[in-house]
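So the structure is just underneath, and the comments pick up after that.
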Amino acid sequence: MDPYALLGVARDADEKAIRTAYRALAKKHHPDLNPGKPEAEAKFKEIAAAYALLSDPEKRARFDRGEIDATGAETAPRGPTGGSGGFYRQHAGDPFASGHGRYQAGPEDLGGFDHEDLESLLRRAFGQGMGGHGMGGQPGGGQRGGFPLKGTDAHYSLTVDFLTAAKGATRRLTLPDGQVLDVAIPAGLKDGQSLRLAGKGGPGLNGGPPGDAFVEVTVSPHPLYRRDGDDIVIELPVTLKEAVLGAKVKVPTIHGSVMLAIPPGSSSGTRLRLKGRGIRQGHQVVELAVVLPKGEEPELAAFLEGWTPRHDADPRAGLADLDREGA
């Protein structure tokens, strides 16, 4: 199937659009999220193969030119009668081409090679025995070596929780074929980052090295923490009494709870810092949010009715001027 249609992107889609489409489809059809559904696993494999081709600029360009098919296999050149075979002119000025048609090899054209020498060269180059036959249809035999080729790269997606990405850990990734990869998540990994696992891709050819595996990681949001660079930001509810009089309260951090001193006279939006309690060398920033009692407090209401602030400032000063500027 056409990899562009499989991912639902246009043929001129950029790398970001292709990656976004792949991530959405991979999450939808991942076998871990669709247990007992072989059709989802098959779809996931198709999506992964399409992304592997289109995310590689060289392979994508070759596919667009018709040099390889959607599986990455070489496409056979077409002969004048529609069949495959023959040598074709691939570039202008090719000394082995005659016009734009099929190359007709004669003894005087081989530049010092006879049929046996040329076949041996092609075997070494392509790692094939020419189907067991020589250039003229004679039995070939001989070596089946070839140039060492690196295996294809594999592309996967993995979702981890916020704390795993912040502190680092090892997570196991189940592949479509049932194999598993242990992925080391480094501390401070960001949402959308890719990890390279050297040698964990497809096997090499002719003694070549295996390809690599690239794992794109999605970080799930946390209900309490959010990230700002290497700092962790948390909103901390405090009572009116704690805000006015000050207090020491327990605050959760990604490294465990600590005690925090709230200065007297704090208000909502006050930011306090816990040094070294963020990601790597980052800190934790605590934003205070003053919360009033849920029930009635008649004593507090009576006190406020008779209370005249010593520093009576209008908290909405300046809003009128901003409102006039926006009108």
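Ligands are numbered from 1 in the order shown, chains are lettered A, B, ... in the order of the structure tokens, and residues start at 1 in each chain.
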Notebook entry, point to check: Residues at most 8 Å from A:Lys59, counting only C-alpha atoms, excluding those fewer than 5 positions away in the same chain, as number ranges by chain?
Noted result: A: 53-54, 68, 72
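Among A:Asn34, A:Ser267, A:Thr20, A:Gln193, the residue with the shortest atom-to-atom distance to A:Pro176, counting only C-alpha atoms, is A:Asn34.
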DSSP on the backbone: what in stretch 129-245 of chain A comes out strand (DSSP E or B), as a short mmCIF file (atom, residue, chain, number, x, y, z; two decimals) with N, CA and C atoms, in the first residue's frame?
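Output contents, as saved in out.cif:
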data_model
loop_
_atom_site.label_atom_id
_atom_site.label_comp_id
_atom_site.auth_asym_id
_atom_site.auth_seq_id
_atom_site.Cartn_x
_atom_site.Cartn_y
_atom_site.Cartn_z
N HIS A 133 22.51 -18.28 -12.81
CA HIS A 133 22.82 -18.33 -14.23
C HIS A 133 23.75 -17.20 -14.60
N PRO A 139 24.94 -21.63 -16.58
CA PRO A 139 25.09 -21.79 -15.14
C PRO A 139 26.21 -20.93 -14.62
N LEU A 149 26.46 -4.51 4.00
CA LEU A 149 25.44 -3.45 4.05
C LEU A 149 24.83 -3.40 5.44
N ALA A 154 14.89 0.78 12.54
CA ALA A 154 13.52 0.54 12.99
C ALA A 154 13.04 1.74 13.79
N HIS A 155 11.74 2.03 13.72
CA HIS A 155 11.16 3.19 14.41
C HIS A 155 9.99 2.72 15.27
N TYR A 156 10.01 3.12 16.54
CA TYR A 156 8.97 2.72 17.48
C TYR A 156 8.52 3.94 18.29
N SER A 157 7.41 3.79 19.01
CA SER A 157 6.93 4.84 19.90
C SER A 157 6.71 4.24 21.28
N LEU A 158 6.92 5.06 22.29
CA LEU A 158 6.79 4.61 23.69
C LEU A 158 6.24 5.76 24.52
N THR A 159 5.28 5.45 25.39
CA THR A 159 4.72 6.45 26.29
C THR A 159 5.18 6.16 27.71
N VAL A 160 5.71 7.18 28.40
CA VAL A 160 6.16 7.03 29.78
C VAL A 160 5.49 8.10 30.63
N ALA A 169 14.69 6.10 34.16
CA ALA A 169 14.40 4.72 34.53
C ALA A 169 14.56 3.86 33.28
N THR A 170 14.36 2.58 33.42
CA THR A 170 14.37 1.66 32.29
C THR A 170 12.96 1.14 32.08
N ARG A 171 12.49 1.23 30.85
CA ARG A 171 11.15 0.75 30.53
C ARG A 171 11.23 -0.26 29.40
N ARG A 172 10.37 -1.26 29.44
CA ARG A 172 10.37 -2.33 28.45
C ARG A 172 9.36 -2.03 27.35
N LEU A 173 9.84 -2.13 26.10
CA LEU A 173 9.00 -1.87 24.93
C LEU A 173 8.73 -3.20 24.24
N THR A 174 7.45 -3.53 24.07
CA THR A 174 7.07 -4.76 23.36
C THR A 174 6.90 -4.45 21.88
N VAL A 180 11.05 -7.95 22.89
CA VAL A 180 11.04 -6.80 23.80
C VAL A 180 12.38 -6.07 23.71
N LEU A 181 12.33 -4.77 23.95
CA LEU A 181 13.52 -3.93 24.05
C LEU A 181 13.50 -3.23 25.40
N ASP A 182 14.59 -3.27 26.12
CA ASP A 182 14.71 -2.51 27.35
C ASP A 182 15.28 -1.14 27.01
N VAL A 183 14.48 -0.11 27.22
CA VAL A 183 14.84 1.25 26.83
C VAL A 183 15.24 2.04 28.06
N ALA A 184 16.45 2.54 28.07
CA ALA A 184 16.93 3.37 29.18
C ALA A 184 16.46 4.80 28.97
N ILE A 185 15.61 5.28 29.87
CA ILE A 185 15.08 6.64 29.79
C ILE A 185 16.02 7.54 30.61
N SER A 194 13.53 11.53 20.69
CA SER A 194 13.79 10.18 20.20
C SER A 194 15.07 9.65 20.81
N LEU A 195 15.06 8.38 21.14
CA LEU A 195 16.23 7.69 21.68
C LEU A 195 16.75 6.72 20.63
N ARG A 196 18.06 6.65 20.48
CA ARG A 196 18.68 5.75 19.51
C ARG A 196 19.27 4.55 20.23
N LEU A 197 18.84 3.37 19.84
CA LEU A 197 19.36 2.13 20.39
C LEU A 197 20.24 1.49 19.32
N LEU A 205 23.44 -7.10 6.02
CA LEU A 205 23.58 -8.01 4.90
C LEU A 205 25.05 -8.23 4.58
N ALA A 213 17.64 1.19 16.24
CA ALA A 213 16.24 1.41 16.59
C ALA A 213 16.08 2.82 17.15
N PHE A 214 15.09 3.53 16.67
CA PHE A 214 14.80 4.87 17.14
C PHE A 214 13.43 4.85 17.83
N VAL A 215 13.43 5.24 19.10
CA VAL A 215 12.21 5.20 19.90
C VAL A 215 11.78 6.63 20.22
N GLU A 216 10.64 7.03 19.69
CA GLU A 216 10.11 8.37 19.98
C GLU A 216 9.25 8.27 21.24
N VAL A 217 9.55 9.09 22.23
CA VAL A 217 8.93 8.97 23.55
C VAL A 217 7.90 10.09 23.76
N THR A 218 6.73 9.69 24.19
CA THR A 218 5.68 10.63 24.59
C THR A 218 5.60 10.63 26.11
N VAL A 219 5.63 11.81 26.71
CA VAL A 219 5.58 11.94 28.17
C VAL A 219 4.17 12.32 28.59
N TYR A 225 2.51 18.16 38.89
CA TYR A 225 3.73 18.83 38.43
C TYR A 225 3.61 19.26 36.97
N ARG A 226 4.28 20.34 36.65
CA ARG A 226 4.50 20.70 35.26
C ARG A 226 5.94 21.17 35.11
N ARG A 227 6.44 21.11 33.90
CA ARG A 227 7.86 21.35 33.66
C ARG A 227 8.08 22.71 33.01
N ASP A 228 9.13 23.40 33.47
CA ASP A 228 9.54 24.66 32.86
C ASP A 228 11.07 24.58 32.71
N ASP A 231 13.20 23.16 35.60
CA ASP A 231 12.48 23.45 36.84
C ASP A 231 11.14 22.73 36.86
N ILE A 232 10.72 22.36 38.04
CA ILE A 232 9.40 21.76 38.25
C ILE A 232 8.53 22.81 38.94
N VAL A 233 7.34 23.03 38.40
CA VAL A 233 6.43 24.03 38.96
C VAL A 233 5.22 23.32 39.56
N ILE A 234 4.84 23.73 40.75
CA ILE A 234 3.69 23.15 41.44
C ILE A 234 2.86 24.27 42.06
N GLU A 235 1.54 24.13 42.01
CA GLU A 235 0.65 25.08 42.67
C GLU A 235 0.28 24.51 44.03
N LEU A 236 0.54 25.28 45.09
CA LEU A 236 0.31 24.80 46.46
C LEU A 236 -0.83 25.57 47.11
N PRO A 237 -1.95 24.91 47.43
CA PRO A 237 -3.04 25.60 48.14
C PRO A 237 -2.64 25.87 49.60
N VAL A 238 -2.93 27.08 50.08
CA VAL A 238 -2.68 27.42 51.48
C VAL A 238 -3.92 28.11 52.04
N THR A 239 -4.10 28.01 53.33
CA THR A 239 -5.25 28.66 53.96
C THR A 239 -4.98 30.16 54.12
#
Notebook entry, point to check: Hey, what's within 8 Å of stretch 261-263 of chain A if we count only C-alpha atoms and toss same-chain stuff fewer than 5 positions away? As JSON, numbers by chain, please?
Noted result: {"A": [242, 243, 245, 246, 247, 248, 249]}
